[in-house]
Amino acid sequence: MSRLVARFWWIGLVVVAVGGVLFMRSRPRAIATAHPVRKTVVESLSVAGRARGQVETSVGAQVSGRVAGVPVREGDRVKAGQILARLDDTTLQQQARQAETAVLTAEAQVAQATDAIATAEANLTLASRRPLSSDIARLKADIAQNVAVAEAKLAGARQRLAELKEGATREVRQQILAQVAQAKANLEQAERDYRRQQELVREGAVAQSAADNAQTARDVAQKTYDNLIARQAEVTVGTRPEQLAQAEAEVRAAQATVAGARASGAAQLRSLLANPRPEDVRVARDRVAEARRGREVAEARLREARIALDVARSRLRDALVTAPFDGIVTQIVTEAGGVTGPNQPIVRLVRFSVPEIRIDLDEVNLGKIRLGQEAIVTSEAFPTRQFSARIREIGAQVDAERGTVEVRFDPVDPPDWLRPGQTVSVNIIVDQGTERWTVPLVAVTTVGGKSSMLVIENSRVVRKPIEIGSPGPEGVPVLTELTGKEEVVLNNTGVTVGMAATPQPTNDTAPKN
């Protein structure tokens, strides 16, 4: 009996304990809540971005070669046209000089061909016109002069022949004796002068050229003396048969020369009077045409040489890498001594005189932005120095892999601390000021892009899906329609959906009935 009583006693105790627990669980829990507050909210989207130049490019050479020098450094500000790099142009310089020489040669050939045309055209003019009276008179004068010269030689030959036949007279022999004596005296004086000059040369008083001149004078005097001695012997011995034969032959030759001069003159006169002759005109015209063809060939070679020179100079200019615009050197890709090829980058350059800010915006926010929209830009390196920017361009295509769109901003008044590639925070002002219901940031939970908050309705905790704007100092703006009477749970720790709860409001801003 006692055991049965004890067993019932324990069963009763367990029932009481379980009932107590169930009572405690069913008892509503006091939870801190807050009512939504109506505030004027400035909405913004905060996105990380980077400063960029409006133009960023890789600058390289147009030709292949070894980089001889890079006279700039990373971070240098350069002007348009400033040299950024030089390639080894030794071979290109030689090619340019060869091309210049080829052009000069071709120009000389064109000038020669032009002169040839002028000569050929002058000859054609002469061949095409009838002889002038002045031409006839000039030719007759030339013929008469040639005949007179030939007759004078004939007269001289005849006189010599006559002298040889008559023999030397007493006056001739005396004259030759006097000439021999004078020649001997001249030779002796020339010999003395030569020896004297030799002595002066050895003493260094005169140059060697003075002695050479004295030697020449002595040799001339010796030759003259020898000729007169031979003449004296000839006069003394008398005329020999072979001398007469030689003199007679000279007379006959002179007679033939006179006859030839007269015949040649007559032929020339007949030829002149027969002008213009068709065959001469035809030949002259052919030579003009040939000269003109020669100049065309020379001009074609000149054009080719000039084109080759332009190419050589262009390749030489291509060996110099210059800045296409004012900008900042952001990277030296190929150092001096490296090898580069056509259009391979040597220097990276950014035009930063008018910088821009670029961000990758989530595509879900595309509907919130528009061209010209304002943004506030800040940097962690300069937290107190913000500046404004405006949307200049919205990308036309969404990055399919990342689900983002590139948006570009123009800084309104960019600060001097802004650098290419610098990370900045861009706060796009979506709404300048609209009255909205706001709740504390701790009350909102966002999972997978969907937001919600816990509220107490009918003494139970329920989850209320909401759409929110960008959080700010005034709280989180709620875009979903609210009444303002919602009891919003402030601390979700230990709070589950469906549990009994009693709100303990922390503000009294709920709308009044």
# chains A, B, ... in the order shown; residues from 1 in each chain; ligands from 1

$ residues_around --residues "range 155-163 of chain A" --least-positions-apart "4" --cutoff "9 Å" --atoms "only C-alpha atoms" --output "CSV table (one decimal) with all heavy atoms, in the first residue's frame"
chain,number,residue,atom,x,y,z
A,150,ALA,N,96.0,76.7,-145.9
A,150,ALA,CA,96.6,75.6,-146.7
A,150,ALA,C,97.6,76.2,-147.8
A,150,ALA,O,98.7,75.7,-148.1
A,150,ALA,CB,95.6,74.8,-147.4
A,151,GLU,N,97.2,77.3,-148.4
A,151,GLU,CA,98.0,78.0,-149.5
A,151,GLU,C,99.3,78.5,-148.8
A,151,GLU,O,100.4,78.5,-149.5
A,151,GLU,CB,97.2,79.1,-150.2
A,151,GLU,CG,96.1,78.5,-151.1
A,151,GLU,CD,95.3,79.6,-151.7
A,151,GLU,OE1,95.3,80.7,-151.2
A,151,GLU,OE2,94.6,79.3,-152.7
A,167,GLY,N,120.8,76.3,-152.8
A,167,GLY,CA,121.9,76.2,-151.9
A,167,GLY,C,121.9,77.4,-150.9
A,167,GLY,O,121.3,78.4,-151.2
A,168,ALA,N,122.7,77.2,-149.8
A,168,ALA,CA,122.8,78.3,-148.8
A,168,ALA,C,123.7,79.4,-149.3
A,168,ALA,O,124.8,79.2,-149.8
A,168,ALA,CB,123.3,77.7,-147.5
A,243,GLN,N,117.2,65.3,-149.2
A,243,GLN,CA,116.5,66.6,-148.7
A,243,GLN,C,115.6,67.2,-149.8
A,243,GLN,O,114.5,67.6,-149.5
A,243,GLN,CB,117.6,67.6,-148.3
A,243,GLN,CG,118.3,67.2,-147.0
A,243,GLN,CD,119.3,68.2,-146.6
A,243,GLN,OE1,120.0,68.7,-147.5
A,243,GLN,NE2,119.5,68.4,-145.3
A,244,LEU,N,116.1,67.1,-151.0
A,244,LEU,CA,115.3,67.7,-152.1
A,244,LEU,C,114.0,66.8,-152.3
A,244,LEU,O,112.9,67.3,-152.5
A,244,LEU,CB,116.1,67.6,-153.4
A,244,LEU,CG,117.2,68.7,-153.6
A,244,LEU,CD1,118.0,68.5,-154.8
A,244,LEU,CD2,116.6,70.1,-153.5
A,246,GLN,N,112.5,65.1,-150.0
A,246,GLN,CA,111.6,65.4,-148.9
A,246,GLN,C,110.9,66.7,-149.1
A,246,GLN,O,109.7,66.8,-148.9
A,246,GLN,CB,112.4,65.4,-147.6
A,246,GLN,CG,111.5,65.8,-146.4
A,246,GLN,CD,110.5,64.7,-146.1
A,246,GLN,OE1,110.7,63.5,-146.4
A,246,GLN,NE2,109.4,65.1,-145.5
A,247,ALA,N,111.6,67.7,-149.6
A,247,ALA,CA,111.0,69.0,-149.8
A,247,ALA,C,109.9,68.9,-150.9
A,247,ALA,O,108.9,69.6,-150.9
A,247,ALA,CB,112.1,70.0,-150.2
A,248,GLU,N,110.2,68.2,-152.0
A,248,GLU,CA,109.3,68.1,-153.1
A,248,GLU,C,108.0,67.3,-152.6
A,248,GLU,O,106.9,67.7,-153.0
A,248,GLU,CB,109.9,67.3,-154.2
A,248,GLU,CG,111.0,68.1,-154.9
A,248,GLU,CD,111.8,67.3,-156.0
A,248,GLU,OE1,111.5,66.0,-156.0
A,248,GLU,OE2,112.6,67.9,-156.7
A,250,GLU,N,106.9,67.4,-149.6
A,250,GLU,CA,106.1,68.4,-148.8
A,250,GLU,C,105.3,69.3,-149.7
A,250,GLU,O,104.2,69.7,-149.3
A,250,GLU,CB,107.1,69.1,-147.9
A,250,GLU,CG,107.7,68.3,-146.8
A,250,GLU,CD,108.7,69.0,-145.9
A,250,GLU,OE1,109.0,70.2,-146.3
A,250,GLU,OE2,109.2,68.4,-144.9
A,251,VAL,N,105.9,69.7,-150.8
A,251,VAL,CA,105.2,70.6,-151.7
A,251,VAL,C,103.9,69.9,-152.2
A,251,VAL,O,102.8,70.5,-152.3
A,251,VAL,CB,106.1,71.1,-152.8
A,251,VAL,CG1,105.3,71.8,-153.9
A,251,VAL,CG2,107.2,72.0,-152.3
A,252,ARG,N,104.1,68.7,-152.6
A,252,ARG,CA,102.9,67.9,-153.2
A,252,ARG,C,101.8,67.7,-152.1
A,252,ARG,O,100.6,67.9,-152.4
A,252,ARG,CB,103.4,66.6,-153.7
A,252,ARG,CG,104.2,66.7,-155.0
A,252,ARG,CD,104.4,65.3,-155.6
A,252,ARG,NE,105.1,64.4,-154.7
A,252,ARG,CZ,106.5,64.3,-154.7
A,252,ARG,NH1,107.2,65.0,-155.5
A,252,ARG,NH2,107.1,63.4,-153.9
A,254,ALA,N,101.3,69.7,-149.6
A,254,ALA,CA,100.6,71.0,-149.4
A,254,ALA,C,99.7,71.4,-150.5
A,254,ALA,O,98.6,71.9,-150.3
A,254,ALA,CB,101.7,72.1,-149.3

$ select_by_dssp --residues "range 415-471 of chain A" --states "strand (DSSP E)" --output "ChimeraX atom specification"
/A:423-439,444-447,450-457,460-466

$ residues_around --residues "range 80-85 of chain A" --least-positions-apart "2" --cutoff "6 Å" --atoms "only C-alpha atoms" --output "list in words"
Gly69, Val70, Val321, Thr322, Ala323, Pro324, Phe325 and Asp326 of chain A

$ write_last_selection --atoms "N, CA and C atoms" --output "compact mmCIF listing (two decimals), in the first residue's frame"
# COMPACT_ATOMS: atom_id res chain seq x y z
N GLY A 69 66.31 52.94 -75.27
CA GLY A 69 66.17 53.77 -74.08
C GLY A 69 64.72 54.11 -73.82
N VAL A 70 64.39 54.26 -72.52
CA VAL A 70 63.05 54.69 -72.09
C VAL A 70 63.26 55.88 -71.15
N VAL A 321 59.09 56.38 -80.08
CA VAL A 321 57.75 56.22 -79.50
C VAL A 321 57.42 57.50 -78.75
N THR A 322 56.37 58.20 -79.19
CA THR A 322 56.00 59.48 -78.58
C THR A 322 54.61 59.39 -77.96
N ALA A 323 54.34 60.29 -77.04
CA ALA A 323 53.06 60.31 -76.35
C ALA A 323 51.98 60.84 -77.29
N PRO A 324 50.87 60.12 -77.46
CA PRO A 324 49.80 60.61 -78.34
C PRO A 324 48.97 61.72 -77.72
N PHE A 325 49.10 61.91 -76.40
CA PHE A 325 48.34 62.96 -75.72
C PHE A 325 49.02 63.26 -74.39
N ASP A 326 48.62 64.35 -73.76
CA ASP A 326 49.09 64.67 -72.41
C ASP A 326 48.55 63.61 -71.45

$ residues_around --residues "range 185-194 of chain A" --least-positions-apart "3" --cutoff "12 Å" --atoms "only C-alpha atoms" --output "PDB file with all heavy atoms, in the first residue's frame"
ATOM      1  N   ALA A 178     126.151  83.055-136.406  1.00  0.00           N
ATOM      2  CA  ALA A 178     125.800  83.963-135.307  1.00  0.00           C
ATOM      3  C   ALA A 178     124.792  83.298-134.352  1.00  0.00           C
ATOM      4  O   ALA A 178     124.878  83.424-133.114  1.00  0.00           O
ATOM      5  CB  ALA A 178     125.225  85.266-135.866  1.00  0.00           C
ATOM      6  N   GLN A 179     123.835  82.584-134.899  1.00  0.00           N
ATOM      7  CA  GLN A 179     122.834  81.906-134.059  1.00  0.00           C
ATOM      8  C   GLN A 179     123.466  80.812-133.215  1.00  0.00           C
ATOM      9  O   GLN A 179     123.109  80.626-132.043  1.00  0.00           O
ATOM     10  CB  GLN A 179     121.735  81.311-134.946  1.00  0.00           C
ATOM     11  CG  GLN A 179     120.843  82.354-135.605  1.00  0.00           C
ATOM     12  CD  GLN A 179     119.836  81.732-136.563  1.00  0.00           C
ATOM     13  OE1 GLN A 179     119.909  80.543-136.850  1.00  0.00           O
ATOM     14  NE2 GLN A 179     118.921  82.557-137.082  1.00  0.00           N
ATOM     15  N   VAL A 180     124.481  80.106-133.809  1.00  0.00           N
ATOM     16  CA  VAL A 180     125.172  79.065-133.052  1.00  0.00           C
ATOM     17  C   VAL A 180     125.944  79.672-131.899  1.00  0.00           C
ATOM     18  O   VAL A 180     125.941  79.168-130.771  1.00  0.00           O
ATOM     19  CB  VAL A 180     126.101  78.262-133.982  1.00  0.00           C
ATOM     20  CG1 VAL A 180     127.016  77.350-133.163  1.00  0.00           C
ATOM     21  CG2 VAL A 180     125.285  77.432-134.956  1.00  0.00           C
ATOM     22  N   ALA A 181     126.625  80.785-132.146  1.00  0.00           N
ATOM     23  CA  ALA A 181     127.389  81.438-131.076  1.00  0.00           C
ATOM     24  C   ALA A 181     126.472  81.901-129.955  1.00  0.00           C
ATOM     25  O   ALA A 181     126.791  81.760-128.765  1.00  0.00           O
ATOM     26  CB  ALA A 181     128.179  82.612-131.665  1.00  0.00           C
ATOM     27  N   GLN A 182     125.354  82.506-130.324  1.00  0.00           N
ATOM     28  CA  GLN A 182     124.412  82.976-129.301  1.00  0.00           C
ATOM     29  C   GLN A 182     123.822  81.810-128.507  1.00  0.00           C
ATOM     30  O   GLN A 182     123.690  81.882-127.279  1.00  0.00           O
ATOM     31  CB  GLN A 182     123.285  83.771-129.971  1.00  0.00           C
ATOM     32  CG  GLN A 182     122.282  84.361-128.975  1.00  0.00           C
ATOM     33  CD  GLN A 182     122.926  85.356-128.038  1.00  0.00           C
ATOM     34  OE1 GLN A 182     123.733  86.212-128.465  1.00  0.00           O
ATOM     35  NE2 GLN A 182     122.631  85.248-126.750  1.00  0.00           N
ATOM     36  N   GLN A 197     121.773  77.331-108.599  1.00  0.00           N
ATOM     37  CA  GLN A 197     120.515  76.977-107.933  1.00  0.00           C
ATOM     38  C   GLN A 197     120.657  75.691-107.130  1.00  0.00           C
ATOM     39  O   GLN A 197     120.082  75.560-106.038  1.00  0.00           O
ATOM     40  CB  GLN A 197     119.388  76.821-108.969  1.00  0.00           C
ATOM     41  CG  GLN A 197     118.973  78.124-109.645  1.00  0.00           C
ATOM     42  CD  GLN A 197     118.442  79.142-108.658  1.00  0.00           C
ATOM     43  OE1 GLN A 197     117.820  78.787-107.674  1.00  0.00           O
ATOM     44  NE2 GLN A 197     118.727  80.417-108.910  1.00  0.00           N
ATOM     45  N   GLN A 198     121.482  74.763-107.643  1.00  0.00           N
ATOM     46  CA  GLN A 198     121.714  73.523-106.909  1.00  0.00           C
ATOM     47  C   GLN A 198     122.392  73.805-105.584  1.00  0.00           C
ATOM     48  O   GLN A 198     122.054  73.224-104.546  1.00  0.00           O
ATOM     49  CB  GLN A 198     122.582  72.572-107.751  1.00  0.00           C
ATOM     50  CG  GLN A 198     121.829  71.928-108.925  1.00  0.00           C
ATOM     51  CD  GLN A 198     120.899  70.831-108.457  1.00  0.00           C
ATOM     52  OE1 GLN A 198     119.874  71.126-107.840  1.00  0.00           O
ATOM     53  NE2 GLN A 198     121.229  69.594-108.754  1.00  0.00           N
ATOM     54  N   GLU A 199     123.375  74.712-105.600  1.00  0.00           N
ATOM     55  CA  GLU A 199     124.083  75.077-104.364  1.00  0.00           C
ATOM     56  C   GLU A 199     123.130  75.749-103.376  1.00  0.00           C
ATOM     57  O   GLU A 199     123.162  75.478-102.167  1.00  0.00           O
ATOM     58  CB  GLU A 199     125.249  76.006-104.696  1.00  0.00           C
ATOM     59  CG  GLU A 199     126.377  75.327-105.482  1.00  0.00           C
ATOM     60  CD  GLU A 199     127.466  76.319-105.873  1.00  0.00           C
ATOM     61  OE1 GLU A 199     127.300  77.508-105.523  1.00  0.00           O
ATOM     62  OE2 GLU A 199     128.450  75.902-106.505  1.00  0.00           O
ATOM     63  N   LEU A 200     122.273  76.634-103.893  1.00  0.00           N
ATOM     64  CA  LEU A 200     121.321  77.328-103.008  1.00  0.00           C
ATOM     65  C   LEU A 200     120.321  76.342-102.388  1.00  0.00           C
ATOM     66  O   LEU A 200     119.928  76.501-101.235  1.00  0.00           O
ATOM     67  CB  LEU A 200     120.576  78.409-103.792  1.00  0.00           C
ATOM     68  CG  LEU A 200     121.446  79.598-104.261  1.00  0.00           C
ATOM     69  CD1 LEU A 200     120.625  80.537-105.128  1.00  0.00           C
ATOM     70  CD2 LEU A 200     122.035  80.349-103.059  1.00  0.00           C
ATOM     71  N   VAL A 201     119.953  75.318-103.167  1.00  0.00           N
ATOM     72  CA  VAL A 201     119.040  74.317-102.614  1.00  0.00           C
ATOM     73  C   VAL A 201     119.709  73.550-101.496  1.00  0.00           C
ATOM     74  O   VAL A 201     119.119  73.288-100.447  1.00  0.00           O
ATOM     75  CB  VAL A 201     118.562  73.365-103.730  1.00  0.00           C
ATOM     76  CG1 VAL A 201     117.834  72.157-103.132  1.00  0.00           C
ATOM     77  CG2 VAL A 201     117.642  74.092-104.695  1.00  0.00           C
ATOM     78  N   GLN A 208     113.339  73.588-103.891  1.00  0.00           N
ATOM     79  CA  GLN A 208     113.781  72.672-104.935  1.00  0.00           C
ATOM     80  C   GLN A 208     113.203  73.054-106.289  1.00  0.00           C
ATOM     81  O   GLN A 208     113.798  72.812-107.336  1.00  0.00           O
ATOM     82  CB  GLN A 208     113.361  71.247-104.567  1.00  0.00           C
ATOM     83  CG  GLN A 208     113.758  70.182-105.594  1.00  0.00           C
ATOM     84  CD  GLN A 208     115.265  70.050-105.755  1.00  0.00           C
ATOM     85  OE1 GLN A 208     116.003  70.101-104.761  1.00  0.00           O
ATOM     86  NE2 GLN A 208     115.737  69.905-106.977  1.00  0.00           N
ATOM     87  N   SER A 209     112.020  73.695-106.277  1.00  0.00           N
ATOM     88  CA  SER A 209     111.384  74.068-107.539  1.00  0.00           C
ATOM     89  C   SER A 209     112.239  75.046-108.334  1.00  0.00           C
ATOM     90  O   SER A 209     112.234  75.032-109.575  1.00  0.00           O
ATOM     91  CB  SER A 209     110.011  74.681-107.259  1.00  0.00           C
ATOM     92  OG  SER A 209     110.130  75.826-106.424  1.00  0.00           O
ATOM     93  N   ALA A 210     113.012  75.899-107.664  1.00  0.00           N
ATOM     94  CA  ALA A 210     113.881  76.857-108.361  1.00  0.00           C
ATOM     95  C   ALA A 210     114.969  76.107-109.125  1.00  0.00           C
ATOM     96  O   ALA A 210     115.293  76.449-110.274  1.00  0.00           O
ATOM     97  CB  ALA A 210     114.488  77.833-107.365  1.00  0.00           C
ATOM     98  N   ALA A 211     115.537  75.075-108.505  1.00  0.00           N
ATOM     99  CA  ALA A 211     116.557  74.280-109.184  1.00  0.00           C
ATOM    100  C   ALA A 211     115.950  73.506-110.353  1.00  0.00           C
ATOM    101  O   ALA A 211     116.564  73.360-111.413  1.00  0.00           O
ATOM    102  CB  ALA A 211     117.214  73.320-108.196  1.00  0.00           C
ATOM    103  N   ASP A 212     114.717  73.021-110.177  1.00  0.00           N
ATOM    104  CA  ASP A 212     114.053  72.303-111.264  1.00  0.00           C
ATOM    105  C   ASP A 212     113.817  73.214-112.458  1.00  0.00           C
ATOM    106  O   ASP A 212     114.005  72.814-113.621  1.00  0.00           O
ATOM    107  CB  ASP A 212     112.721  71.736-110.761  1.00  0.00           C
ATOM    108  CG  ASP A 212     112.924  70.663-109.696  1.00  0.00           C
ATOM    109  OD1 ASP A 212     114.040  70.108-109.609  1.00  0.00           O
ATOM    110  OD2 ASP A 212     111.960  70.394-108.939  1.00  0.00           O
ATOM    111  N   ASN A 213     113.407  74.454-112.202  1.00  0.00           N
ATOM    112  CA  ASN A 213     113.192  75.412-113.298  1.00  0.00           C
ATOM    113  C   ASN A 213     114.509  75.707-114.019  1.00  0.00           C
ATOM    114  O   ASN A 213     114.544  75.826-115.262  1.00  0.00           O
ATOM    115  CB  ASN A 213     112.592  76.700-112.763  1.00  0.00           C
ATOM    116  CG  ASN A 213     111.177  76.496-112.233  1.00  0.00           C
ATOM    117  OD1 ASN A 213     110.495  75.559-112.642  1.00  0.00           O
ATOM    118  ND2 ASN A 213     110.745  77.360-111.323  1.00  0.00           N
ATOM    119  N   ALA A 214     115.614  75.838-113.254  1.00  0.00           N
ATOM    120  CA  ALA A 214     116.926  76.113-113.863  1.00  0.00           C
ATOM    121  C   ALA A 214     117.366  74.931-114.729  1.00  0.00           C
ATOM    122  O   ALA A 214     117.953  75.113-115.807  1.00  0.00           O
ATOM    123  CB  ALA A 214     117.955  76.389-112.777  1.00  0.00           C
ATOM    124  N   GLN A 215     117.060  73.723-114.275  1.00  0.00           N
ATOM    125  CA  GLN A 215     117.414  72.540-115.056  1.00  0.00           C
ATOM    126  C   GLN A 215     116.633  72.504-116.373  1.00  0.00           C
ATOM    127  O   GLN A 215     117.171  72.172-117.432  1.00  0.00           O
ATOM    128  CB  GLN A 215     117.141  71.276-114.239  1.00  0.00           C
ATOM    129  CG  GLN A 215     117.558  70.000-114.966  1.00  0.00           C
ATOM    130  CD  GLN A 215     117.298  68.763-114.116  1.00  0.00           C
ATOM    131  OE1 GLN A 215     116.797  68.875-113.006  1.00  0.00           O
ATOM    132  NE2 GLN A 215     117.686  67.618-114.613  1.00  0.00           N
ATOM    133  N   THR A 216     115.357  72.861-116.300  1.00  0.00           N
ATOM    134  CA  THR A 216     114.537  72.884-117.524  1.00  0.00           C
ATOM    135  C   THR A 216     115.081  73.905-118.525  1.00  0.00           C
ATOM    136  O   THR A 216     115.184  73.632-119.739  1.00  0.00           O
ATOM    137  CB  THR A 216     113.089  73.227-117.160  1.00  0.00           C
ATOM    138  OG1 THR A 216     112.577  72.244-116.246  1.00  0.00           O
ATOM    139  CG2 THR A 216     112.209  73.259-118.393  1.00  0.00           C
ATOM    140  N   ALA A 217     115.463  75.090-118.005  1.00  0.00           N
ATOM    141  CA  ALA A 217     116.026  76.125-118.896  1.00  0.00           C
ATOM    142  C   ALA A 217     117.332  75.639-119.542  1.00  0.00           C
ATOM    143  O   ALA A 217     117.595  75.909-120.727  1.00  0.00           O
ATOM    144  CB  ALA A 217     116.256  77.406-118.103  1.00  0.00           C
ATOM    145  N   ARG A 218     118.135  74.941-118.777  1.00  0.00           N
ATOM    146  CA  ARG A 218     119.385  74.421-119.330  1.00  0.00           C
ATOM    147  C   ARG A 218     119.116  73.388-120.419  1.00  0.00           C
ATOM    148  O   ARG A 218     119.756  73.390-121.478  1.00  0.00           O
ATOM    149  CB  ARG A 218     120.211  73.777-118.212  1.00  0.00           C
ATOM    150  CG  ARG A 218     121.605  73.311-118.682  1.00  0.00           C
ATOM    151  CD  ARG A 218     122.209  72.338-117.694  1.00  0.00           C
ATOM    152  NE  ARG A 218     121.389  71.095-117.615  1.00  0.00           N
ATOM    153  CZ  ARG A 218     121.713  70.065-116.835  1.00  0.00           C
ATOM    154  NH1 ARG A 218     122.793  70.119-116.068  1.00  0.00           N
ATOM    155  NH2 ARG A 218     120.949  69.003-116.820  1.00  0.00           N
ATOM    156  N   ASP A 219     118.127  72.512-120.200  1.00  0.00           N
ATOM    157  CA  ASP A 219     117.803  71.478-121.195  1.00  0.00           C
ATOM    158  C   ASP A 219     117.298  72.113-122.488  1.00  0.00           C
ATOM    159  O   ASP A 219     117.628  71.660-123.598  1.00  0.00           O
ATOM    160  CB  ASP A 219     116.763  70.527-120.627  1.00  0.00           C
ATOM    161  CG  ASP A 219     117.318  69.717-119.447  1.00  0.00           C
ATOM    162  OD1 ASP A 219     118.558  69.640-119.300  1.00  0.00           O
ATOM    163  OD2 ASP A 219     116.497  69.158-118.668  1.00  0.00           O
ATOM    164  N   VAL A 220     116.497  73.184-122.373  1.00  0.00           N
ATOM    165  CA  VAL A 220     115.984  73.871-123.564  1.00  0.00           C
ATOM    166  C   VAL A 220     117.126  74.512-124.349  1.00  0.00           C
ATOM    167  O   VAL A 220     117.197  74.435-125.587  1.00  0.00           O
ATOM    168  CB  VAL A 220     114.924  74.914-123.164  1.00  0.00           C
ATOM    169  CG1 VAL A 220     114.552  75.794-124.373  1.00  0.00           C
ATOM    170  CG2 VAL A 220     113.682  74.238-122.589  1.00  0.00           C
ATOM    171  N   ALA A 221     118.050  75.139-123.601  1.00  0.00           N
ATOM    172  CA  ALA A 221     119.199  75.781-124.259  1.00  0.00           C
ATOM    173  C   ALA A 221     120.067  74.742-124.971  1.00  0.00           C
ATOM    174  O   ALA A 221     120.593  74.992-126.071  1.00  0.00           O
ATOM    175  CB  ALA A 221     120.027  76.545-123.226  1.00  0.00           C
ATOM    176  N   GLN A 222     120.210  73.556-124.338  1.00  0.00           N
ATOM    177  CA  GLN A 222     121.005  72.484-124.957  1.00  0.00           C
ATOM    178  C   GLN A 222     120.338  72.015-126.246  1.00  0.00           C
ATOM    179  O   GLN A 222     121.018  71.788-127.262  1.00  0.00           O
ATOM    180  CB  GLN A 222     121.127  71.321-123.967  1.00  0.00           C
ATOM    181  CG  GLN A 222     121.990  70.167-124.490  1.00  0.00           C
ATOM    182  CD  GLN A 222     123.462  70.538-124.598  1.00  0.00           C
ATOM    183  OE1 GLN A 222     124.046  71.049-123.650  1.00  0.00           O
ATOM    184  NE2 GLN A 222     124.070  70.328-125.765  1.00  0.00           N
ATOM    185  N   LYS A 223     119.017  71.883-126.253  1.00  0.00           N
ATOM    186  CA  LYS A 223     118.295  71.419-127.429  1.00  0.00           C
ATOM    187  C   LYS A 223     118.414  72.431-128.570  1.00  0.00           C
ATOM    188  O   LYS A 223     118.641  72.068-129.740  1.00  0.00           O
ATOM    189  CB  LYS A 223     116.813  71.188-127.062  1.00  0.00           C
ATOM    190  CG  LYS A 223     115.981  70.599-128.187  1.00  0.00           C
ATOM    191  CD  LYS A 223     116.433  69.185-128.501  1.00  0.00           C
ATOM    192  CE  LYS A 223     115.523  68.539-129.528  1.00  0.00           C
ATOM    193  NZ  LYS A 223     115.971  67.195-129.909  1.00  0.00           N
ATOM    194  N   THR A 224     118.283  73.697-128.217  1.00  0.00           N
ATOM    195  CA  THR A 224     118.401  74.745-129.252  1.00  0.00           C
ATOM    196  C   THR A 224     119.797  74.748-129.870  1.00  0.00           C
ATOM    197  O   THR A 224     119.957  74.856-131.094  1.00  0.00           O
ATOM    198  CB  THR A 224     118.095  76.122-128.622  1.00  0.00           C
ATOM    199  OG1 THR A 224     116.764  76.087-128.055  1.00  0.00           O
ATOM    200  CG2 THR A 224     118.168  77.227-129.662  1.00  0.00           C
ATOM    201  N   TYR A 225     120.801  74.625-129.019  1.00  0.00           N
ATOM    202  CA  TYR A 225     122.188  74.617-129.498  1.00  0.00           C
ATOM    203  C   TYR A 225     122.423  73.414-130.421  1.00  0.00           C
ATOM    204  O   TYR A 225     123.027  73.546-131.501  1.00  0.00           O
ATOM    205  CB  TYR A 225     123.137  74.576-128.302  1.00  0.00           C
ATOM    206  CG  TYR A 225     124.607  74.498-128.690  1.00  0.00           C
ATOM    207  CD1 TYR A 225     125.261  75.600-129.253  1.00  0.00           C
ATOM    208  CD2 TYR A 225     125.323  73.309-128.511  1.00  0.00           C
ATOM    209  CE1 TYR A 225     126.597  75.523-129.619  1.00  0.00           C
ATOM    210  CE2 TYR A 225     126.648  73.222-128.871  1.00  0.00           C
ATOM    211  CZ  TYR A 225     127.295  74.336-129.422  1.00  0.00           C
ATOM    212  OH  TYR A 225     128.608  74.262-129.793  1.00  0.00           O
ATOM    213  N   ASP A 226     121.890  72.239-130.028  1.00  0.00           N
ATOM    214  CA  ASP A 226     122.087  71.045-130.856  1.00  0.00           C
ATOM    215  C   ASP A 226     121.413  71.184-132.215  1.00  0.00           C
ATOM    216  O   ASP A 226     121.960  70.781-133.253  1.00  0.00           O
ATOM    217  CB  ASP A 226     121.526  69.824-130.120  1.00  0.00           C
ATOM    218  CG  ASP A 226     122.331  69.493-128.868  1.00  0.00           C
ATOM    219  OD1 ASP A 226     123.483  69.961-128.752  1.00  0.00           O
ATOM    220  OD2 ASP A 226     121.780  68.774-127.975  1.00  0.00           O
TER     221      ASP A 226
END

$ select_by_dssp --residues "range 337-369 of chain A" --states "helix (DSSP H, G or I)" --output "VMD selection string"
chain A and resid 363 to 368

$ write_last_selection --atoms "N, CA, C and O atoms" --output "short mmCIF file (atom, residue, chain, number, x, y, z; two decimals), in the first residue's frame"
data_model
loop_
_atom_site.label_atom_id
_atom_site.label_comp_id
_atom_site.auth_asym_id
_atom_site.auth_seq_id
_atom_site.Cartn_x
_atom_site.Cartn_y
_atom_site.Cartn_z
N GLU A 363 23.01 44.70 -61.74
CA GLU A 363 21.97 44.98 -62.74
C GLU A 363 20.60 45.22 -62.10
O GLU A 363 19.74 45.87 -62.70
N VAL A 364 20.39 44.74 -60.87
CA VAL A 364 19.08 44.94 -60.23
C VAL A 364 18.86 46.41 -59.90
O VAL A 364 17.73 46.84 -59.66
N ASN A 365 19.92 47.21 -59.88
CA ASN A 365 19.80 48.63 -59.54
C ASN A 365 19.74 49.53 -60.77
O ASN A 365 19.80 50.75 -60.65
N LEU A 366 19.66 48.91 -61.98
CA LEU A 366 19.64 49.72 -63.19
C LEU A 366 18.48 50.71 -63.21
O LEU A 366 18.63 51.84 -63.71
N GLY A 367 17.34 50.29 -62.69
CA GLY A 367 16.18 51.18 -62.71
C GLY A 367 16.31 52.37 -61.80
O GLY A 367 15.47 53.29 -61.86
N LYS A 368 17.32 52.40 -60.95
CA LYS A 368 17.46 53.49 -59.98
C LYS A 368 18.38 54.60 -60.46
O LYS A 368 18.54 55.61 -59.77
#
